[in-house]
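Source file: start_11.cif. Holds: mmCIF, C-alpha atoms.
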```
data_work
#
loop_
_atom_site.label_atom_id
_atom_site.label_comp_id
_atom_site.auth_asym_id
_atom_site.auth_seq_id
_atom_site.Cartn_x
_atom_site.Cartn_y
_atom_site.Cartn_z
CA MET A 2 -5.34 202.07 3.28
CA ALA A 3 -2.32 199.99 2.26
CA LEU A 4 -0.79 198.13 5.20
CA ILE A 5 2.89 197.38 5.50
CA ASN A 6 4.43 193.95 5.90
CA GLU A 7 5.33 194.53 9.56
CA HIS A 8 7.90 191.76 9.54
CA PHE A 9 10.25 194.20 7.78
CA LEU A 10 9.98 196.48 10.81
CA LYS A 11 11.36 193.71 13.01
CA LEU A 12 14.68 193.78 11.16
CA PRO A 13 17.51 195.56 12.98
CA ASP A 14 18.09 199.01 11.52
CA ASN A 15 21.68 198.15 10.78
CA TYR A 16 22.90 195.75 8.09
CA LEU A 17 26.37 194.35 8.65
CA PHE A 18 28.05 195.36 5.40
CA ALA A 19 26.30 198.75 5.27
CA ASP A 20 27.50 199.48 8.80
CA VAL A 21 31.05 198.53 7.88
CA ALA A 22 30.90 200.84 4.85
CA LYS A 23 29.59 203.73 6.96
CA LYS A 24 32.40 203.36 9.49
CA ILE A 25 35.00 203.22 6.72
CA ASN A 26 33.58 206.36 5.11
CA ALA A 27 33.63 208.16 8.45
CA PHE A 28 37.27 207.22 8.89
CA ARG A 29 38.14 208.48 5.41
CA VAL A 30 36.48 211.83 6.14
CA GLN A 31 38.47 212.17 9.37
CA HIS A 32 41.71 210.93 7.82
CA PRO A 33 41.59 211.94 4.12
CA LYS A 34 45.27 211.22 3.52
CA ALA A 35 45.36 207.80 5.18
CA ALA A 36 45.66 204.70 3.02
CA VAL A 37 43.04 202.08 3.90
CA TYR A 38 43.72 198.39 3.28
CA SER A 39 40.60 196.27 2.88
CA LEU A 40 40.51 192.69 4.08
CA GLY A 41 36.81 193.00 4.79
CA ILE A 42 34.04 192.91 2.19
CA GLY A 43 34.25 189.75 0.11
CA ASP A 44 34.36 191.35 -3.34
CA VAL A 45 36.85 190.09 -5.91
CA THR A 46 39.67 192.22 -7.32
CA GLN A 47 41.16 190.22 -10.18
CA PRO A 48 39.82 190.95 -13.70
CA LEU A 49 37.63 188.58 -15.67
CA CYS A 50 39.63 185.91 -17.44
CA PRO A 51 40.36 186.27 -21.21
CA ALA A 52 38.00 183.42 -22.20
CA VAL A 53 35.09 185.18 -20.49
CA ILE A 54 35.92 188.54 -22.04
CA GLU A 55 36.11 186.96 -25.49
CA ALA A 56 32.75 185.24 -25.01
CA MET A 57 31.12 188.45 -23.85
CA HIS A 58 32.46 190.41 -26.82
CA LYS A 59 31.12 187.74 -29.16
CA ALA A 60 27.72 187.78 -27.44
CA VAL A 61 27.52 191.57 -27.64
CA ASP A 62 28.32 191.41 -31.36
CA GLU A 63 25.53 188.86 -31.81
CA MET A 64 23.09 191.22 -30.12
CA GLY A 65 23.99 193.88 -32.70
CA LYS A 66 22.93 191.78 -35.69
CA GLU A 67 19.38 191.05 -36.71
CA GLN A 68 19.99 187.39 -37.52
CA SER A 69 21.63 186.62 -34.14
CA PHE A 70 19.81 189.07 -31.85
CA ARG A 71 18.25 187.54 -28.72
CA GLY A 72 15.20 188.87 -26.91
CA TYR A 73 13.64 187.23 -23.90
CA GLY A 74 15.42 184.02 -23.05
CA PRO A 75 14.08 180.98 -21.17
CA GLU A 76 13.46 181.79 -17.52
CA GLN A 77 15.25 178.59 -16.52
CA GLY A 78 18.38 179.52 -18.46
CA TYR A 79 19.68 178.76 -21.95
CA GLU A 80 20.18 175.11 -22.76
CA PHE A 81 23.84 175.63 -23.69
CA LEU A 82 24.70 176.76 -20.15
CA ARG A 83 22.54 174.23 -18.33
CA GLU A 84 24.15 171.39 -20.27
CA ALA A 85 27.63 172.79 -19.59
CA ILE A 86 26.82 172.89 -15.87
CA LEU A 87 25.71 169.26 -15.84
CA LYS A 88 28.70 168.01 -17.83
CA ASN A 89 31.34 169.93 -15.89
CA ASP A 90 30.12 170.55 -12.34
CA PHE A 91 28.30 167.29 -11.64
CA LEU A 92 29.03 164.37 -13.99
CA PRO A 93 32.75 164.27 -13.11
CA ARG A 94 31.70 163.80 -9.48
CA GLY A 95 29.30 160.98 -10.28
CA VAL A 96 26.20 163.15 -9.88
CA HIS A 97 23.53 162.65 -12.55
CA LEU A 98 21.01 165.45 -12.93
CA ASP A 99 18.57 166.52 -15.61
CA ALA A 100 18.66 169.92 -17.32
CA SER A 101 15.15 170.59 -16.01
CA GLU A 102 16.61 170.56 -12.49
CA VAL A 103 19.00 173.44 -13.28
CA PHE A 104 17.78 177.03 -12.94
CA VAL A 105 20.17 179.77 -14.04
CA ASN A 106 19.86 182.98 -12.01
CA ASP A 107 21.35 186.45 -11.61
CA GLY A 108 23.24 185.45 -8.48
CA ALA A 109 22.81 182.94 -5.67
CA LYS A 110 21.79 185.60 -3.14
CA SER A 111 18.61 186.36 -5.11
CA ASP A 112 17.48 182.75 -5.24
CA ILE A 113 18.28 182.09 -1.58
CA GLY A 114 16.04 184.98 -0.62
CA ASN A 115 13.31 184.24 -3.15
CA PHE A 116 12.99 180.61 -2.11
CA GLN A 117 11.31 181.89 1.05
CA GLU A 118 8.08 182.25 -0.95
CA LEU A 119 7.74 178.52 -1.51
CA VAL A 120 7.53 177.40 2.13
CA ARG A 121 5.15 178.51 4.89
CA TRP A 122 6.05 181.26 7.30
CA ASP A 123 5.66 178.93 10.31
CA ASN A 124 8.23 176.34 9.26
CA THR A 125 10.97 175.92 11.84
CA ILE A 126 14.47 176.78 10.65
CA ALA A 127 17.98 175.99 11.81
CA VAL A 128 21.10 177.88 10.72
CA THR A 129 24.76 177.37 11.32
CA ASP A 130 26.05 180.12 13.59
CA PRO A 131 27.88 182.26 12.51
CA VAL A 132 26.18 182.50 9.14
CA TYR A 133 25.86 184.70 6.06
CA PRO A 134 23.08 187.21 6.98
CA VAL A 135 20.79 186.63 3.97
CA TYR A 136 19.47 183.30 5.29
CA VAL A 137 18.16 184.73 8.54
CA ASP A 138 17.21 188.20 7.28
CA SER A 139 15.14 186.87 4.39
CA SER A 140 13.43 184.48 6.80
CA ALA A 141 12.64 187.42 9.06
CA MET A 142 11.15 189.38 6.15
CA ILE A 143 8.52 186.69 5.61
CA GLY A 144 7.80 186.29 9.33
CA ARG A 145 9.58 183.01 9.96
CA ALA A 146 12.31 184.24 12.32
CA GLY A 147 10.12 185.64 15.09
CA THR A 148 11.37 188.70 16.99
CA PHE A 149 14.91 190.03 17.40
CA ALA A 150 16.38 190.68 20.84
CA ASP A 151 19.87 190.50 22.33
CA GLY A 152 21.39 189.49 19.01
CA ARG A 153 19.07 186.52 18.44
CA TRP A 154 15.83 185.73 16.61
CA SER A 155 13.29 183.98 18.80
CA ASN A 156 12.21 181.36 16.22
CA VAL A 157 15.65 180.53 14.80
CA ILE A 158 17.52 177.47 16.01
CA TYR A 159 21.19 178.41 16.08
CA LEU A 160 23.79 175.70 15.53
CA PRO A 161 27.04 177.05 17.00
CA CYS A 162 30.23 176.62 14.96
CA THR A 163 33.19 177.61 17.09
CA ALA A 164 36.77 176.60 17.71
CA GLU A 165 35.53 174.51 20.64
CA ASN A 166 33.59 172.15 18.32
CA ASN A 167 36.06 172.46 15.45
CA PHE A 168 33.46 174.52 13.52
CA VAL A 169 31.35 171.41 12.88
CA PRO A 170 27.67 172.11 13.67
CA GLN A 171 25.89 169.58 15.83
CA LEU A 172 22.58 168.10 14.73
CA PRO A 173 19.55 169.79 16.34
CA ASN A 174 18.20 168.08 19.43
CA GLN A 175 14.70 168.67 18.05
CA ARG A 176 12.97 168.30 14.71
CA VAL A 177 13.26 171.23 12.27
CA ASP A 178 11.69 171.80 8.85
CA ILE A 179 14.37 173.79 7.04
CA ILE A 180 18.15 173.71 7.50
CA TYR A 181 20.56 176.25 6.02
CA LEU A 182 24.07 174.96 5.41
CA CYS A 183 26.90 176.87 3.72
CA PHE A 184 30.10 174.89 3.11
CA PRO A 185 32.83 175.86 2.53
CA ASN A 186 31.51 178.33 5.04
CA ASN A 187 31.13 182.05 4.86
CA PRO A 188 32.32 183.53 7.21
CA THR A 189 34.48 180.93 9.00
CA GLY A 190 36.24 179.58 5.91
CA THR A 191 35.87 176.02 7.23
CA ALA A 192 34.35 172.99 5.49
CA LEU A 193 32.58 169.69 6.18
CA THR A 194 33.88 166.30 5.14
CA LYS A 195 31.63 163.83 3.33
CA LYS A 196 31.20 161.89 6.56
CA GLU A 197 30.09 165.00 8.43
CA LEU A 198 27.74 166.13 5.65
CA ARG A 199 26.23 162.64 5.43
CA ARG A 200 24.96 163.07 9.01
CA TRP A 201 22.93 166.07 7.87
CA VAL A 202 21.46 164.32 4.87
CA ASN A 203 20.47 161.36 7.04
CA TYR A 204 18.91 163.74 9.58
CA ALA A 205 16.89 165.47 6.86
CA ILE A 206 15.64 162.15 5.48
CA LYS A 207 14.67 160.89 8.93
CA ASN A 208 12.93 164.13 9.95
CA ASP A 209 11.37 165.00 6.58
CA ALA A 210 13.34 168.26 6.49
CA ILE A 211 14.75 170.27 3.58
CA ILE A 212 18.36 171.43 3.37
CA PHE A 213 19.13 174.66 1.56
CA PHE A 214 22.79 174.11 0.70
CA ASP A 215 24.90 177.11 -0.32
CA ALA A 216 27.86 175.87 -2.38
CA ALA A 217 29.08 179.29 -3.51
CA TYR A 218 32.69 178.52 -2.58
CA GLU A 219 33.01 174.92 -3.75
CA ALA A 220 35.61 175.88 -6.39
CA TYR A 221 38.06 176.72 -3.59
CA ILE A 222 38.04 173.22 -2.08
CA ARG A 223 41.48 171.61 -2.05
CA ARG A 224 40.92 168.46 0.03
CA ASP A 225 39.62 165.26 -1.56
CA ASP A 226 37.38 164.33 1.39
CA ILE A 227 35.33 167.53 1.16
CA PRO A 228 32.31 167.33 -1.18
CA HIS A 229 31.80 169.98 -3.85
CA SER A 230 28.08 169.23 -3.97
CA ILE A 231 25.66 167.84 -1.40
CA TYR A 232 24.44 165.49 -4.14
CA GLU A 233 27.65 163.52 -3.73
CA ILE A 234 25.93 162.19 -0.62
CA LYS A 235 23.49 159.33 -1.20
CA GLY A 236 19.88 160.37 -0.64
CA ALA A 237 20.53 164.12 -0.90
CA ARG A 238 18.42 164.43 -4.05
CA ARG A 239 15.36 163.74 -1.88
CA VAL A 240 16.01 166.50 0.66
CA ALA A 241 18.33 169.22 -0.69
CA VAL A 242 18.24 172.32 -2.88
CA GLU A 243 21.70 173.60 -3.86
CA PHE A 244 22.77 177.16 -4.72
CA HIS A 245 25.81 178.00 -6.85
CA SER A 246 27.41 181.30 -7.77
CA TYR A 247 29.92 182.44 -10.38
CA SER A 248 30.65 185.58 -8.35
CA LYS A 249 33.65 184.23 -6.46
CA THR A 250 34.34 181.32 -8.81
CA ALA A 251 34.92 183.45 -11.91
CA GLY A 252 34.78 187.04 -10.68
CA PHE A 253 31.16 187.63 -11.70
CA THR A 254 30.23 189.94 -8.81
CA GLY A 255 29.48 192.65 -11.37
CA ILE A 256 28.24 190.33 -14.13
CA ARG A 257 25.56 188.53 -12.07
CA CYS A 258 25.08 184.88 -12.88
CA GLY A 259 24.73 181.65 -10.95
CA TYR A 260 22.39 178.68 -10.74
CA THR A 261 20.19 176.66 -8.42
CA ILE A 262 19.62 172.91 -8.48
CA VAL A 263 16.11 171.74 -7.56
CA PRO A 264 15.86 167.94 -7.94
CA HIS A 265 12.50 166.49 -8.92
CA GLU A 266 12.55 164.26 -5.84
CA VAL A 267 12.43 167.13 -3.32
CA THR A 268 8.84 167.63 -2.15
CA VAL A 269 6.91 169.73 0.34
CA ALA A 270 3.64 168.82 2.00
CA THR A 271 0.18 170.36 2.18
CA PHE A 272 -1.91 170.18 5.37
CA SER A 273 -3.81 167.29 3.81
CA GLY A 274 -0.57 165.37 3.35
CA GLU A 275 -0.25 165.77 -0.42
CA ARG A 276 3.37 165.98 -1.59
CA ILE A 277 4.19 168.72 -4.10
CA PRO A 278 7.52 168.73 -6.01
CA LEU A 279 9.55 171.86 -5.21
CA ASN A 280 10.88 171.83 -8.77
CA GLN A 281 7.35 172.36 -10.07
CA LEU A 282 6.71 175.24 -7.66
CA TRP A 283 10.05 176.93 -8.31
CA ASN A 284 9.57 176.70 -12.07
CA ARG A 285 6.15 178.32 -11.67
CA ARG A 286 7.60 181.07 -9.52
CA GLN A 287 10.43 181.78 -11.95
CA THR A 288 8.23 181.90 -15.03
CA THR A 289 6.00 184.40 -13.22
CA LYS A 290 8.54 186.66 -11.53
CA PHE A 291 11.85 186.25 -13.39
CA ASN A 292 12.78 186.95 -17.00
CA GLY A 293 16.04 185.06 -16.90
CA ALA A 294 19.68 186.04 -16.61
CA SER A 295 21.02 188.00 -19.56
CA TYR A 296 22.23 186.18 -22.67
CA ILE A 297 25.60 187.92 -22.40
CA SER A 298 26.09 186.79 -18.79
CA GLN A 299 25.17 183.21 -19.67
CA ARG A 300 27.61 183.10 -22.58
CA ALA A 301 30.24 184.44 -20.21
CA ALA A 302 29.43 181.66 -17.72
CA GLU A 303 29.56 179.03 -20.46
CA ALA A 304 33.09 180.18 -21.32
CA ILE A 305 34.50 179.18 -17.94
CA TYR A 306 33.81 175.54 -18.84
CA THR A 307 36.02 175.62 -21.95
CA PRO A 308 39.55 174.19 -21.54
CA GLU A 309 40.99 177.70 -21.70
CA GLY A 310 38.39 179.12 -19.33
CA ARG A 311 38.82 176.35 -16.77
CA GLU A 312 42.59 176.90 -16.65
CA GLN A 313 42.28 180.66 -16.43
CA VAL A 314 39.69 180.51 -13.66
CA ARG A 315 41.82 178.00 -11.79
CA GLN A 316 44.77 180.39 -11.93
CA THR A 317 42.67 183.16 -10.39
CA ILE A 318 41.38 180.88 -7.63
CA ASP A 319 44.95 179.73 -6.94
CA TYR A 320 45.98 183.38 -6.68
CA TYR A 321 43.39 184.06 -3.99
CA MET A 322 44.20 180.86 -2.13
CA GLN A 323 47.91 181.68 -2.17
CA ASN A 324 46.91 184.99 -0.60
CA ALA A 325 44.96 183.08 2.06
CA ASP A 326 47.97 180.84 2.80
CA TYR A 327 50.22 183.87 3.10
CA MET A 328 47.81 185.72 5.38
CA LYS A 329 47.27 182.73 7.64
CA ASP A 330 50.97 182.02 8.04
CA LYS A 331 51.82 185.65 8.81
CA LEU A 332 48.97 186.15 11.27
CA ILE A 333 49.67 182.92 13.15
CA ALA A 334 53.34 183.92 13.33
CA LYS A 335 52.24 187.16 14.98
CA GLY A 336 50.38 185.20 17.64
CA PHE A 337 46.83 185.46 16.32
CA GLU A 338 44.46 182.50 16.51
CA VAL A 339 43.31 181.92 12.91
CA TYR A 340 40.99 179.35 11.31
CA GLY A 341 39.75 178.62 7.79
CA GLY A 342 41.58 179.71 4.67
CA ASP A 343 42.44 176.15 3.59
CA ASN A 344 39.40 175.39 1.42
CA ALA A 345 37.86 178.85 1.21
CA PRO A 346 39.11 182.42 0.67
CA TYR A 347 38.08 183.49 4.18
CA LEU A 348 40.05 183.55 7.42
CA TRP A 349 38.25 183.54 10.77
CA MET A 350 40.41 185.19 13.42
CA ARG A 351 39.79 185.35 17.14
CA THR A 352 40.06 188.83 18.60
CA PRO A 353 42.88 189.27 21.11
CA GLY A 354 42.19 189.61 24.82
CA LYS A 355 38.48 188.72 24.51
CA MET A 356 37.87 192.04 22.78
CA THR A 357 34.46 192.43 21.14
CA SER A 358 34.48 192.07 17.38
CA TRP A 359 33.27 195.64 16.72
CA ARG A 360 35.85 197.05 19.12
CA PHE A 361 38.61 195.13 17.37
CA PHE A 362 37.25 196.26 13.99
CA GLU A 363 37.57 199.89 15.10
CA GLN A 364 41.02 199.31 16.55
CA MET A 365 42.21 197.72 13.32
CA LEU A 366 40.72 200.55 11.24
CA TYR A 367 41.97 203.48 13.29
CA ASN A 368 45.33 202.08 14.40
CA ALA A 369 46.36 199.84 11.51
CA HIS A 370 44.14 201.33 8.76
CA VAL A 371 43.03 197.79 7.92
CA VAL A 372 39.41 196.77 7.34
CA CYS A 373 38.05 193.46 8.65
CA THR A 374 34.44 192.31 9.17
CA PRO A 375 33.14 192.01 12.76
CA GLY A 376 32.06 188.46 13.51
CA ALA A 377 29.12 189.59 15.63
CA GLY A 378 27.36 190.64 12.44
CA PHE A 379 27.18 186.99 11.38
CA GLY A 380 25.35 185.74 14.47
CA PRO A 381 25.77 185.20 18.23
CA SER A 382 28.65 182.74 17.87
CA GLY A 383 30.52 185.25 15.71
CA GLU A 384 31.25 187.47 18.69
CA GLY A 385 34.92 187.43 19.54
CA TYR A 386 35.99 186.83 15.93
CA VAL A 387 36.53 188.84 12.74
CA ARG A 388 36.45 187.73 9.12
CA LEU A 389 39.34 188.49 6.78
CA THR A 390 39.20 187.86 3.03
CA ALA A 391 41.90 186.95 0.54
CA PHE A 392 40.10 188.87 -2.24
CA ASN A 393 42.68 191.57 -2.77
CA THR A 394 45.92 192.04 -4.66
CA ARG A 395 48.99 190.42 -3.15
CA LYS A 396 50.70 193.80 -2.82
CA LYS A 397 47.84 195.32 -0.82
CA ILE A 398 47.59 192.24 1.37
CA GLU A 399 51.30 192.47 2.13
CA GLN A 400 50.89 196.15 2.99
CA ALA A 401 47.89 195.37 5.21
CA LEU A 402 49.82 192.73 7.12
CA GLU A 403 52.75 195.11 7.54
CA GLN A 404 50.33 197.58 9.12
CA ILE A 405 48.97 194.90 11.43
CA ALA A 406 52.50 193.88 12.42
CA LYS A 407 53.34 197.49 13.33
CA THR A 408 50.18 197.80 15.43
CA TYR A 409 50.33 194.45 17.22
#
```
Whole structure given in structure tokens:
Amino acid sequence: MALINEHFLKLPDNYLFADVAKKINAFRVQHPKAAVYSLGIGDVTQPLCPAVIEAMHKAVDEMGKEQSFRGYGPEQGYEFLREAILKNDFLPRGVHLDASEVFVNDGAKSDIGNFQELVRWDNTIAVTDPVYPVYVDSSAMIGRAGTFADGRWSNVIYLPCTAENNFVPQLPNQRVDIIYLCFPNNPTGTALTKKELRRWVNYAIKNDAIIFFDAAYEAYIRRDDIPHSIYEIKGARRVAVEFHSYSKTAGFTGIRCGYTIVPHEVTVATFSGERIPLNQLWNRRQTTKFNGASYISQRAAEAIYTPEGREQVRQTIDYYMQNADYMKDKLIAKGFEVYGGDNAPYLWMRTPGKMTSWRFFEQMLYNAHVVCTPGAGFGPSGEGYVRLTAFNTRKKIEQALEQIAKTY
């Protein structure tokens, strides 16, 4: 008899974004003629830039010719993309890495979840709260999160990020093995300065912990004192794995490509005290379970590092950030309490009158026909907030805000 991994049964039946979609669909059935304005799910709306389209067309043509056809590629990623990553994302910031420390993937979410296999189920974990659900849910699937009750996992150390502490998580008052950090943050849209991030690196070094650092939104940073990579902090190469995504940087949500940095210095221990490089383990895992991101996707990613691609991607990012500025100004003018949106495409808005986040979500949907994301779905400290995204056209955002203004 085959036995199930019972840790999956501990997961709540509902998944945040699936629940949001179900409620939107129910509304559409009840109100088939109503226009719905989405400021909720963080999917992009602007088309791929011309440099990427050109590169993809060229790659497709290559696949149609015998002399340039590509079959299985290297599991770690093609050399042309790994070198482009090093030269453009890290060297300009004074970070020196080796190509063997770069692993191209089919999206950061996959690698964040798959990294669970490399560390024991009984490692202690700490997460910023609120937090993107994949960190906690994937930990629960392997048995690391404990049991779920009253909106919390028993074995997860939550690090509250609220307006009261300026959305800066405090260091744990106990030792932990694994720390999940996402900055600029999803969902709050806030960021850490180099000084604040240095405290986390120092903590990890002192406590022999590993930081899983999600840098999916680093391209949206506009302040000079906010690091784009944790490796800008001295000593981080010893304690941090970093995840990057092209989904929001270059609109690759449907193309699927990103990369993970696993420095050779990061090690994990056996019970006997032997130190094993994580890079070695991750490479072994990838060569066994992953056949690499597609050649076409990697050529598309390479194109964003060309002069034309960089400028075109920057224009798209500026478009979204101008949306964020517009949304924040309008909402604050209407009396809402709004955070984030300065170095990330997300706004974190407090619900009025201490209303629960799901109640406010329903009120916004049914009264204003506007979709937001309930903060409670991101963790205990998300209650009382909703997330809004700038990933929509300017016209639809203006229409959504007009609807909000009429309702409130």
Q) So, counting only C-alpha atoms, which residue among A:Ala325, A:Ala377, A:Ile113, A:Ile212 is closest to Leu40 (chain A)? A)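 The answer is A:Ala325, which sits nearest to Leu40 (chain A).
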Proximity of region 113-182 of chain A to region 200-206 of chain A: per-residue shortest pair, 9 Å limit, all atoms listed in the file, as a Markdown table:
```
| residue | atom | partner | partner_atom | distance |
| --- | --- | --- | --- | --- |
| A:Leu172 | CA | A:Trp201 | CA | 7.2 |
| A:Val177 | CA | A:Ala205 | CA | 8.7 |
| A:Asp178 | CA | A:Ala205 | CA | 8.4 |
| A:Ile179 | CA | A:Ala205 | CA | 8.7 |
| A:Ile180 | CA | A:Ala205 | CA | 8.4 |
```
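Of the listed residues (A:Pro185, A:Gly43, A:Pro33, A:Gly310), A:Gly43 comes nearest to Leu389 (chain A); the distances count only C-alpha atoms.
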Q) Neighbours of region 361-368 of chain A within 12 Å (only C-alpha atoms; same-chain residues fewer than 3 positions away dropped), as a ChimeraX atom specification? A) /A:20-22,24-29,31-32,35-41,350-358,371-378,384-389,401-402,404-409
Please write the residues from the selection above to a file, keeping C-alpha atoms, as a PDB file, keeping the file's coordinate frame.
```pdb
ATOM      1  CA  ASP A  20      27.500 199.480   8.800  1.00  0.00           C
ATOM      2  CA  VAL A  21      31.050 198.530   7.880  1.00  0.00           C
ATOM      3  CA  ALA A  22      30.900 200.840   4.850  1.00  0.00           C
ATOM      4  CA  LYS A  24      32.400 203.360   9.490  1.00  0.00           C
ATOM      5  CA  ILE A  25      35.000 203.220   6.720  1.00  0.00           C
ATOM      6  CA  ASN A  26      33.580 206.360   5.110  1.00  0.00           C
ATOM      7  CA  ALA A  27      33.630 208.160   8.450  1.00  0.00           C
ATOM      8  CA  PHE A  28      37.270 207.220   8.890  1.00  0.00           C
ATOM      9  CA  ARG A  29      38.140 208.480   5.410  1.00  0.00           C
ATOM     10  CA  GLN A  31      38.470 212.170   9.370  1.00  0.00           C
ATOM     11  CA  HIS A  32      41.710 210.930   7.820  1.00  0.00           C
ATOM     12  CA  ALA A  35      45.360 207.800   5.180  1.00  0.00           C
ATOM     13  CA  ALA A  36      45.660 204.700   3.020  1.00  0.00           C
ATOM     14  CA  VAL A  37      43.040 202.080   3.900  1.00  0.00           C
ATOM     15  CA  TYR A  38      43.720 198.390   3.280  1.00  0.00           C
ATOM     16  CA  SER A  39      40.600 196.270   2.880  1.00  0.00           C
ATOM     17  CA  LEU A  40      40.510 192.690   4.080  1.00  0.00           C
ATOM     18  CA  GLY A  41      36.810 193.000   4.790  1.00  0.00           C
ATOM     19  CA  MET A 350      40.410 185.190  13.420  1.00  0.00           C
ATOM     20  CA  ARG A 351      39.790 185.350  17.140  1.00  0.00           C
ATOM     21  CA  THR A 352      40.060 188.830  18.600  1.00  0.00           C
ATOM     22  CA  PRO A 353      42.880 189.270  21.110  1.00  0.00           C
ATOM     23  CA  GLY A 354      42.190 189.610  24.820  1.00  0.00           C
ATOM     24  CA  LYS A 355      38.480 188.720  24.510  1.00  0.00           C
ATOM     25  CA  MET A 356      37.870 192.040  22.780  1.00  0.00           C
ATOM     26  CA  THR A 357      34.460 192.430  21.140  1.00  0.00           C
ATOM     27  CA  SER A 358      34.480 192.070  17.380  1.00  0.00           C
ATOM     28  CA  VAL A 371      43.030 197.790   7.920  1.00  0.00           C
ATOM     29  CA  VAL A 372      39.410 196.770   7.340  1.00  0.00           C
ATOM     30  CA  CYS A 373      38.050 193.460   8.650  1.00  0.00           C
ATOM     31  CA  THR A 374      34.440 192.310   9.170  1.00  0.00           C
ATOM     32  CA  PRO A 375      33.140 192.010  12.760  1.00  0.00           C
ATOM     33  CA  GLY A 376      32.060 188.460  13.510  1.00  0.00           C
ATOM     34  CA  ALA A 377      29.120 189.590  15.630  1.00  0.00           C
ATOM     35  CA  GLY A 378      27.360 190.640  12.440  1.00  0.00           C
ATOM     36  CA  GLU A 384      31.250 187.470  18.690  1.00  0.00           C
ATOM     37  CA  GLY A 385      34.920 187.430  19.540  1.00  0.00           C
ATOM     38  CA  TYR A 386      35.990 186.830  15.930  1.00  0.00           C
ATOM     39  CA  VAL A 387      36.530 188.840  12.740  1.00  0.00           C
ATOM     40  CA  ARG A 388      36.450 187.730   9.120  1.00  0.00           C
ATOM     41  CA  LEU A 389      39.340 188.490   6.780  1.00  0.00           C
ATOM     42  CA  ALA A 401      47.890 195.370   5.210  1.00  0.00           C
ATOM     43  CA  LEU A 402      49.820 192.730   7.120  1.00  0.00           C
ATOM     44  CA  GLN A 404      50.330 197.580   9.120  1.00  0.00           C
ATOM     45  CA  ILE A 405      48.970 194.900  11.430  1.00  0.00           C
ATOM     46  CA  ALA A 406      52.500 193.880  12.420  1.00  0.00           C
ATOM     47  CA  LYS A 407      53.340 197.490  13.330  1.00  0.00           C
ATOM     48  CA  THR A 408      50.180 197.800  15.430  1.00  0.00           C
ATOM     49  CA  TYR A 409      50.330 194.450  17.220  1.00  0.00           C
TER      50      TYR A 409
END
```
Q: Counting only C-alpha atoms, figure out which residue out of A:Thr129, A:Asn89, A:Ser101, A:Asn6 gets nearest to His265 (chain A).
A: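 Using only C-alpha atoms, the shortest distance to His265 (chain A) belongs to A:Ser101.
If you look at CA of Gln47 (chain A) and CA of Ser248 (chain A), they are 11.6 Å away from each other.
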Q.
Quick one: residues within 10 Å of Lys331 (chain A), all atoms listed in the file, excluding same-chain residues fewer than 3 positions away - as a list in words?
A.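 Counting all atoms listed in the file, the residues come to Ala325, Asp326, Tyr327, Met328, Ala334, Lys335, Gly336, Phe337, Glu399, Leu402, Glu403 and Ala406 of chain A.
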(Q) To one decimal place in Å, what is the distance between CA of Pro381 (chain A) and CA of Pro13 (chain A)? (A)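 Separation between CA of Pro381 (chain A) and CA of Pro13 (chain A): 14.3 Å.
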Q: Return the single residue from A:Val267, A:Ile227, A:Ala192, A:Leu198 that is closest to Ala345 (chain A), with distances computed using only C-alpha atoms.
A: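 Result for the nearest residue to Ala345 (chain A): A:Ala192.
Of the listed residues (A:Thr307, A:Asn344, A:Thr394, A:Ser298), A:Ser298 comes nearest to Lys59 (chain A); the distances count all atoms listed in the file.
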Q: With a distance cut-off of 8 Å and all atoms listed in the file, select the neighbouring residues of Ala100 (chain A), excluding the residue or stretch itself and same-chain residues fewer than 3 positions from it, and output the selection as JSON, numbers by chain.
A: {"A": [80, 83, 84, 87, 103]}
Q: Could you jot down the CA of Phe149 (chain A) to CA of Asn15 (chain A) separation for me, Å, one decimal place?
A: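 According to the coordinates, CA of Phe149 (chain A) and CA of Asn15 (chain A) are separated by 12.5 Å.
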**Q.** Shell around region 154-170 of chain A at 6 Å using only C-alpha atoms, local window under 4 positions removed, as JSON, numbers by chain
**A.** {"A": [126, 127, 128, 129, 130, 146, 147, 148, 149, 382]}
Set up a box along x, y and z of the file covering all listed atoms of region 362-373 of chain A, add 4 Å on every one of the six sides, and write the centre and edge lengths in Å to one decimal, as lines of an AutoDock Vina configuration file.
```
center_x = 41.8
center_y = 198.5
center_z = 11.9
size_x = 17.1
size_y = 18.0
size_z = 17.2
```
Can you list what the PyMOL selection byres ((chain A and resi 216) around 8) grabs from this structure, as an mmCIF file with C-alpha atoms, keeping the file's coordinate frame?
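Result file is selection.cif:
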```cif
data_model
loop_
_atom_site.group_PDB
_atom_site.id
_atom_site.type_symbol
_atom_site.label_atom_id
_atom_site.label_comp_id
_atom_site.auth_asym_id
_atom_site.auth_seq_id
_atom_site.Cartn_x
_atom_site.Cartn_y
_atom_site.Cartn_z
ATOM 1 C CA CYS A 183 26.900 176.870 3.720
ATOM 2 C CA PHE A 184 30.100 174.890 3.110
ATOM 3 C CA PRO A 185 32.830 175.860 2.530
ATOM 4 C CA PHE A 214 22.790 174.110 0.700
ATOM 5 C CA ASP A 215 24.900 177.110 -0.320
ATOM 6 C CA ALA A 217 29.080 179.290 -3.510
ATOM 7 C CA TYR A 218 32.690 178.520 -2.580
ATOM 8 C CA GLU A 219 33.010 174.920 -3.750
ATOM 9 C CA HIS A 229 31.800 169.980 -3.850
ATOM 10 C CA SER A 230 28.080 169.230 -3.970
ATOM 11 C CA GLU A 243 21.700 173.600 -3.860
ATOM 12 C CA PHE A 244 22.770 177.160 -4.720
ATOM 13 C CA HIS A 245 25.810 178.000 -6.850
ATOM 14 C CA SER A 246 27.410 181.300 -7.770
#
```
